[in-house]
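Below: data_34.tsv (TSV, C-alpha atoms)
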```tsv
chain	number	residue	atom	x	y	z
A	1	MET	CA	0.00	0.00	0.00
A	2	LYS	CA	1.21	3.47	-0.90
A	3	ILE	CA	0.24	6.15	1.61
A	4	TYR	CA	0.05	9.83	0.75
A	5	LYS	CA	-0.57	12.71	3.16
A	6	ARG	CA	-1.57	16.25	2.25
A	7	LYS	CA	-2.46	19.26	4.37
A	8	ASN	CA	-6.23	19.34	3.93
A	9	PRO	CA	-9.15	17.60	2.16
A	10	ARG	CA	-8.83	19.77	-0.94
A	11	ASP	CA	-5.15	18.95	-1.46
A	12	LEU	CA	-5.87	15.28	-0.74
A	13	GLY	CA	-8.71	15.23	-3.25
A	14	LYS	CA	-6.62	16.95	-5.91
A	15	LEU	CA	-3.94	14.26	-5.70
A	16	ALA	CA	-6.39	11.36	-5.51
A	17	GLY	CA	-8.55	12.72	-8.34
A	18	ASP	CA	-5.54	13.20	-10.59
A	19	HIS	CA	-4.46	9.63	-9.84
A	20	ALA	CA	-7.94	8.32	-10.69
A	21	ALA	CA	-7.93	10.19	-13.99
A	22	GLU	CA	-4.52	8.72	-14.83
A	23	ALA	CA	-5.78	5.21	-14.09
A	24	ILE	CA	-8.88	5.67	-16.25
A	25	LEU	CA	-6.88	7.10	-19.14
A	26	SER	CA	-4.40	4.23	-18.89
A	27	ALA	CA	-7.19	1.63	-19.07
A	28	ILE	CA	-8.76	3.32	-22.08
A	29	SER	CA	-5.39	3.50	-23.80
A	30	LYS	CA	-4.66	-0.18	-23.19
A	31	LYS	CA	-8.03	-1.77	-23.93
A	32	GLY	CA	-10.31	0.90	-25.32
A	33	SER	CA	-12.54	1.22	-22.25
A	34	ALA	CA	-12.50	1.56	-18.48
A	35	ASN	CA	-14.69	0.16	-15.71
A	36	ILE	CA	-14.78	2.11	-12.46
A	37	ILE	CA	-16.37	1.99	-9.01
A	38	LEU	CA	-17.43	5.20	-7.31
A	39	ALA	CA	-18.05	5.67	-3.61
A	40	THR	CA	-20.08	8.49	-2.14
A	41	GLY	CA	-20.11	10.52	1.07
A	42	THR	CA	-18.26	13.65	2.10
A	43	SER	CA	-14.87	11.93	1.82
A	44	GLN	CA	-15.25	11.77	-1.96
A	45	PHE	CA	-16.28	15.38	-2.62
A	46	GLU	CA	-12.87	16.73	-3.62
A	47	THR	CA	-11.66	13.56	-5.34
A	48	ILE	CA	-14.67	13.40	-7.67
A	49	LYS	CA	-14.56	17.17	-8.23
A	50	THR	CA	-10.94	16.90	-9.39
A	51	LEU	CA	-11.64	13.84	-11.53
A	52	LEU	CA	-14.29	15.79	-13.42
A	53	THR	CA	-11.84	18.53	-14.34
A	54	HIS	CA	-9.95	16.09	-16.58
A	55	GLN	CA	-11.57	16.93	-19.89
A	56	GLU	CA	-9.21	14.60	-21.74
A	57	ILE	CA	-11.17	11.59	-20.45
A	58	ASP	CA	-13.53	10.16	-23.07
A	59	TRP	CA	-16.40	9.26	-20.76
A	60	SER	CA	-18.23	7.48	-23.57
A	61	LYS	CA	-15.71	4.68	-22.99
A	62	VAL	CA	-16.27	4.45	-19.23
A	63	THR	CA	-18.70	2.21	-17.31
A	64	MET	CA	-19.45	3.11	-13.69
A	65	PHE	CA	-20.54	0.80	-10.88
A	66	HIS	CA	-22.11	1.98	-7.64
A	67	LEU	CA	-20.58	0.89	-4.32
A	68	ASP	CA	-23.51	0.84	-1.89
A	69	GLU	CA	-27.05	2.10	-1.21
A	70	TYR	CA	-29.60	2.05	1.59
A	71	LEU	CA	-32.54	-0.32	1.42
A	72	GLY	CA	-35.91	1.33	0.98
A	73	LEU	CA	-34.63	4.87	0.52
A	74	PRO	CA	-36.11	6.77	-2.45
A	75	MET	CA	-33.77	8.55	-4.85
A	76	THR	CA	-35.38	11.85	-3.85
A	77	HIS	CA	-34.13	11.52	-0.25
A	78	PRO	CA	-31.15	13.79	0.58
A	79	ALA	CA	-29.17	10.77	1.82
A	80	SER	CA	-29.68	8.69	-1.32
A	81	PHE	CA	-26.37	7.69	-2.84
A	82	ARG	CA	-28.07	7.44	-6.21
A	83	LYS	CA	-29.04	11.08	-5.83
A	84	TYR	CA	-25.45	11.93	-4.83
A	85	LEU	CA	-23.99	10.24	-7.90
A	86	LYS	CA	-26.57	11.74	-10.23
A	87	GLU	CA	-25.97	15.28	-9.03
A	88	ARG	CA	-22.21	15.12	-8.48
A	89	PHE	CA	-21.15	12.83	-11.33
A	90	LEU	CA	-23.73	11.62	-13.82
A	91	ASP	CA	-25.20	15.06	-14.57
A	92	GLU	CA	-21.66	16.32	-15.19
A	93	VAL	CA	-20.39	13.67	-17.62
A	94	LYS	CA	-23.64	12.96	-19.51
A	95	GLN	CA	-22.07	10.71	-22.19
A	96	LEU	CA	-21.00	7.83	-19.98
A	97	LYS	CA	-20.84	4.49	-21.78
A	98	ALA	CA	-22.98	2.92	-19.05
A	99	TYR	CA	-23.71	3.18	-15.35
A	100	HIS	CA	-25.19	0.72	-12.91
A	101	LEU	CA	-26.81	2.27	-9.86
A	102	ILE	CA	-28.07	0.22	-6.92
A	103	ASP	CA	-31.83	0.50	-6.56
A	104	GLY	CA	-32.54	-0.02	-2.88
A	105	GLU	CA	-36.30	0.14	-3.51
A	106	LYS	CA	-36.38	-3.04	-5.59
A	107	ASP	CA	-36.43	-6.60	-4.31
A	108	PRO	CA	-32.98	-6.94	-2.66
A	109	GLN	CA	-32.33	-10.49	-3.87
A	110	GLU	CA	-33.18	-9.63	-7.47
A	111	GLU	CA	-31.14	-6.43	-7.34
A	112	THR	CA	-28.01	-8.03	-5.90
A	113	GLU	CA	-28.18	-10.79	-8.51
A	114	ARG	CA	-28.69	-8.28	-11.35
A	115	LEU	CA	-25.69	-6.19	-10.30
A	116	GLY	CA	-23.57	-9.24	-9.60
A	117	LYS	CA	-23.97	-10.58	-13.13
A	118	LEU	CA	-23.08	-7.19	-14.59
A	119	ILE	CA	-19.92	-6.59	-12.59
A	120	LEU	CA	-18.60	-10.14	-12.99
A	121	ALA	CA	-18.68	-9.61	-16.75
A	122	GLN	CA	-16.76	-6.33	-16.54
A	123	PRO	CA	-13.56	-6.47	-14.45
A	124	ILE	CA	-12.91	-3.22	-12.58
A	125	ASP	CA	-9.91	-1.09	-13.53
A	126	VAL	CA	-10.07	1.40	-10.67
A	127	ALA	CA	-12.20	1.67	-7.52
A	128	LEU	CA	-12.62	4.92	-5.63
A	129	VAL	CA	-13.46	4.11	-2.02
A	130	GLY	CA	-13.30	5.54	1.49
A	131	ILE	CA	-13.10	4.26	5.06
A	132	GLY	CA	-15.93	4.72	7.54
A	133	GLU	CA	-15.59	5.94	11.11
A	134	ASN	CA	-16.05	2.33	12.26
A	135	GLY	CA	-13.46	1.11	9.74
A	136	HIS	CA	-16.02	-0.16	7.26
A	137	LEU	CA	-15.27	-0.57	3.57
A	138	ALA	CA	-18.38	0.17	1.54
A	139	PHE	CA	-21.17	-0.79	3.97
A	140	ASN	CA	-19.32	-3.86	5.22
A	141	ASP	CA	-19.38	-3.07	8.94
A	142	PRO	CA	-17.28	-5.01	11.47
A	143	PRO	CA	-17.05	-7.92	11.66
A	144	ALA	CA	-17.03	-7.89	7.87
A	145	ASP	CA	-17.43	-10.94	5.68
A	146	PHE	CA	-14.00	-11.41	4.08
A	147	SER	CA	-14.81	-14.73	2.44
A	148	THR	CA	-17.99	-14.38	0.37
A	149	GLU	CA	-17.45	-14.20	-3.38
A	150	VAL	CA	-20.94	-12.79	-3.94
A	151	PRO	CA	-20.38	-9.39	-5.64
A	152	TYR	CA	-23.25	-7.60	-3.89
A	153	LEU	CA	-25.05	-8.49	-0.68
A	154	VAL	CA	-27.58	-7.17	1.81
A	155	VAL	CA	-25.86	-6.02	5.02
A	156	ASP	CA	-26.99	-4.87	8.45
A	157	LEU	CA	-25.70	-1.43	9.45
A	158	ASP	CA	-24.31	-1.18	12.97
A	159	GLU	CA	-25.03	1.75	15.26
A	160	ALA	CA	-21.64	3.38	14.71
A	161	CYS	CA	-22.22	3.39	10.97
A	162	ARG	CA	-25.71	4.81	11.36
A	163	LYS	CA	-24.45	7.50	13.74
A	164	GLN	CA	-21.87	8.52	11.13
A	165	GLN	CA	-24.61	9.02	8.55
A	166	LEU	CA	-26.58	11.06	11.08
A	167	GLY	CA	-23.50	13.12	11.93
A	168	GLU	CA	-22.89	13.93	8.29
A	169	GLY	CA	-26.28	15.62	8.21
A	170	TRP	CA	-28.16	13.23	5.95
A	171	PHE	CA	-30.93	12.38	8.44
A	172	PRO	CA	-32.95	14.24	11.11
A	173	ASP	CA	-32.41	11.58	13.81
A	174	LEU	CA	-30.92	8.12	14.31
A	175	GLU	CA	-34.26	6.35	13.96
A	176	ALA	CA	-34.57	7.72	10.42
A	177	VAL	CA	-31.29	6.10	9.33
A	178	PRO	CA	-31.98	2.78	7.53
A	179	LYS	CA	-30.78	-0.37	9.26
A	180	GLN	CA	-29.90	-2.27	6.07
A	181	ALA	CA	-28.20	-1.58	2.77
A	182	ILE	CA	-27.00	-3.25	-0.41
A	183	SER	CA	-23.23	-3.21	-0.48
A	184	MET	CA	-20.49	-4.39	-2.78
A	185	SER	CA	-18.66	-7.19	-1.01
A	186	ILE	CA	-15.11	-7.01	0.31
A	187	GLN	CA	-13.85	-9.62	-2.16
A	188	GLN	CA	-15.44	-7.82	-5.10
A	189	ILE	CA	-13.78	-4.53	-4.14
A	190	MET	CA	-10.46	-6.35	-3.79
A	191	LYS	CA	-10.75	-7.68	-7.35
A	192	SER	CA	-10.28	-4.13	-8.67
A	193	LYS	CA	-7.00	-3.68	-10.52
A	194	GLN	CA	-6.34	-0.42	-8.65
A	195	ILE	CA	-7.91	1.00	-5.49
A	196	ILE	CA	-7.78	4.70	-4.64
A	197	CYS	CA	-8.91	5.30	-1.07
A	198	SER	CA	-9.61	8.90	0.00
A	199	VAL	CA	-9.93	9.45	3.75
A	200	PRO	CA	-9.96	13.06	4.98
A	201	ASP	CA	-11.11	14.46	8.34
A	202	GLU	CA	-10.16	14.05	12.00
A	203	ARG	CA	-13.22	11.90	12.73
A	204	LYS	CA	-11.64	9.18	10.55
A	205	ALA	CA	-8.30	9.26	12.41
A	206	GLN	CA	-9.00	6.34	14.74
A	207	ALA	CA	-10.35	4.19	11.90
A	208	VAL	CA	-7.26	4.93	9.82
A	209	LYS	CA	-5.00	3.98	12.71
A	210	SER	CA	-6.94	0.79	13.44
A	211	CYS	CA	-6.94	-0.34	9.81
A	212	LEU	CA	-3.25	0.38	9.22
A	213	GLU	CA	-1.62	-0.56	12.50
A	214	ASN	CA	-3.53	-3.75	13.29
A	215	LYS	CA	-3.26	-7.09	11.54
A	216	VAL	CA	-5.76	-7.67	8.77
A	217	SER	CA	-9.01	-8.61	10.47
A	218	PRO	CA	-12.78	-8.55	9.85
A	219	GLU	CA	-12.97	-6.41	12.99
A	220	PHE	CA	-11.21	-3.68	10.98
A	221	PRO	CA	-12.79	-4.16	7.54
A	222	ALA	CA	-10.63	-1.68	5.63
A	223	SER	CA	-7.49	-3.39	6.98
A	224	ILE	CA	-7.93	-5.79	4.05
A	225	LEU	CA	-6.59	-3.03	1.80
A	226	GLN	CA	-3.14	-3.82	3.20
A	227	GLU	CA	-3.24	-6.98	1.07
A	228	HIS	CA	-4.20	-5.35	-2.23
A	229	PRO	CA	-1.35	-5.29	-4.80
A	230	ASP	CA	-2.08	-1.74	-6.00
A	231	CYS	CA	-3.83	0.35	-3.35
A	232	SER	CA	-3.13	4.04	-2.75
A	233	LEU	CA	-4.39	5.61	0.48
A	234	TYR	CA	-4.82	9.39	0.59
A	235	LEU	CA	-4.91	11.10	3.98
A	236	ASP	CA	-4.87	14.66	5.23
A	237	GLU	CA	-3.08	15.87	8.36
A	238	ALA	CA	-6.22	15.37	10.46
A	239	SER	CA	-7.00	11.80	9.40
A	240	ALA	CA	-3.33	10.83	9.78
A	241	SER	CA	-2.96	12.50	13.17
A	242	LEU	CA	-3.05	9.29	15.26
A	243	LEU	CA	-0.66	7.25	13.11
A	244	SER	CA	2.68	6.29	14.58
A	245	HIS	CA	5.88	7.81	13.25
A	246	LYS	CA	6.77	4.44	11.74
A	247	VAL	CA	4.33	5.02	8.87
A	248	SER	CA	6.17	6.12	5.74
A	249	TYR	CA	4.55	8.41	3.18
A	250	ASN	CA	5.07	8.71	-0.54
```
In structure tokens, write the structure found in this file.
Amino acid sequence: MKIYKRKNPRDLGKLAGDHAAEAILSAISKKGSANIILATGTSQFETIKTLLTHQEIDWSKVTMFHLDEYLGLPMTHPASFRKYLKERFLDEVKQLKAYHLIDGEKDPQEETERLGKLILAQPIDVALVGIGENGHLAFNDPPADFSTEVPYLVVDLDEACRKQQLGEGWFPDLEAVPKQAISMSIQQIMKSKQIICSVPDERKAQAVKSCLENKVSPEFPASILQEHPDCSLYLDEASASLLSHKVSYN
């Protein structure tokens, strides 16, 4: 794993977004197309914003997969990740080759099977992800399932995860936060050729420390990224503040 640290979320996002653009352009150059995974949430604001400044990307050659979505939440809800991706990405690129959003209002079994068939047929070139306050990767809360090969699955959201969503301002109270979601599995994320993980903010500092300084364990879901052959982790000074001095940065 390569670890980068910048002063603030904007500088972090600039570096991560430039890296993502480079990875997409490389895939298009090598095989004529690129398949990507996009995460959502505040951690991805600056990374996606920077990615969209790269006008040299031919988006008509790019297919996008969605990382996770709440069960039962309409796309009109402020917390909907489909709404997030539509407003912050899809409305900006317009000529995407294809995109596959998770519809949390459909039958969960049918939806996970539909998405699973699609992503298994289109290997991922680059995944943009984050790390949750509880160390989750996508909505795979601890203890995460490290073994399932199912590409998408229905997961239960623990209280720490739900409190994070409340704290980010998406819901009026904890009771309003859904208790289940459809999430891409750990193994499916790990199949991505490259992973770019953007993690700004002091509230992520303990999760970053736990996932980097502990052995790989389902109790620290994002710790699995230590085992990926091409993962780049982007931190700012706040999110890296609890790391030991033994951590080396690129």
* Taking only C-alpha atoms into account, which of A:Ile102, A:Leu52, A:Leu166, A:Ala127 comes nearest Ala34 (chain A)? ->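 Among A:Ile102, A:Leu52, A:Leu166, A:Ala127, it is A:Ala127 that comes nearest to Ala34 (chain A).
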* Asked: In terms of the shortest atom-to-atom distance over only C-alpha atoms, which of A:Ile124, A:Val93, A:Val177, A:Ala222 is closest to Ile24 (chain A)?
  -> A:Ile124
* **Atom-to-atom span, CA of Gly72 (chain A) and CA of Thr47 (chain A), Å** => 27.9 Å
* To do: Could you give me, as a VMD selection string, the residues within 12 Å of Ala121 (chain A), counting only C-alpha atoms and dropping anything in the same chain fewer than 4 positions from it?
  => chain A and resid 35 63 114 to 117 151
* To do: Using all atoms listed in the file, find the one residue out of A:Glu105, A:Asp125, A:Gln44, A:Gly132 that sits nearest to Gln165 (chain A).
  =>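 With all atoms listed in the file as the atom set, the closest residue is A:Gly132.
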How close does region 42-118 of chain A get to region 4-17 of chain A? List, as a tab-separated table, each residue of region 42-118 of chain A within 6 Å, its nearest atom pair and the distance in Å to one decimal, counting all atoms listed in the file.
```
residue	atom	partner	partner_atom	distance
A:Glu46	CA	A:Gly13	CA	4.4
A:Thr47	CA	A:Gly13	CA	4.0
A:Thr50	CA	A:Gly17	CA	4.9
A:Leu51	CA	A:Gly17	CA	4.6
```
* Asked: Pick the closest to Lys97 (chain A) from A:Gln109, A:Thr40, A:Asn214, A:Ser60: which is it, counting only C-alpha atoms?
  ->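 Among A:Gln109, A:Thr40, A:Asn214, A:Ser60, it is A:Ser60 that comes nearest to Lys97 (chain A).
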* Asked: Skipping near chain neighbours, those fewer than 2 positions away, what residues fall within 7 Å of region 75-85 of chain A using only C-alpha atoms, listed as a list in words?
  -> Thr40, Glu69, Leu73, Glu87, Arg88, Phe89, Leu90, Leu101 and Trp170 of chain A
* **Contact residues around Val154 (chain A) with all atoms listed in the file at 9 Å, ignoring same-chain residues under 2 positions, as a PyMOL selection string** => chain A and resi 71+108-109+112+152+156+180-184
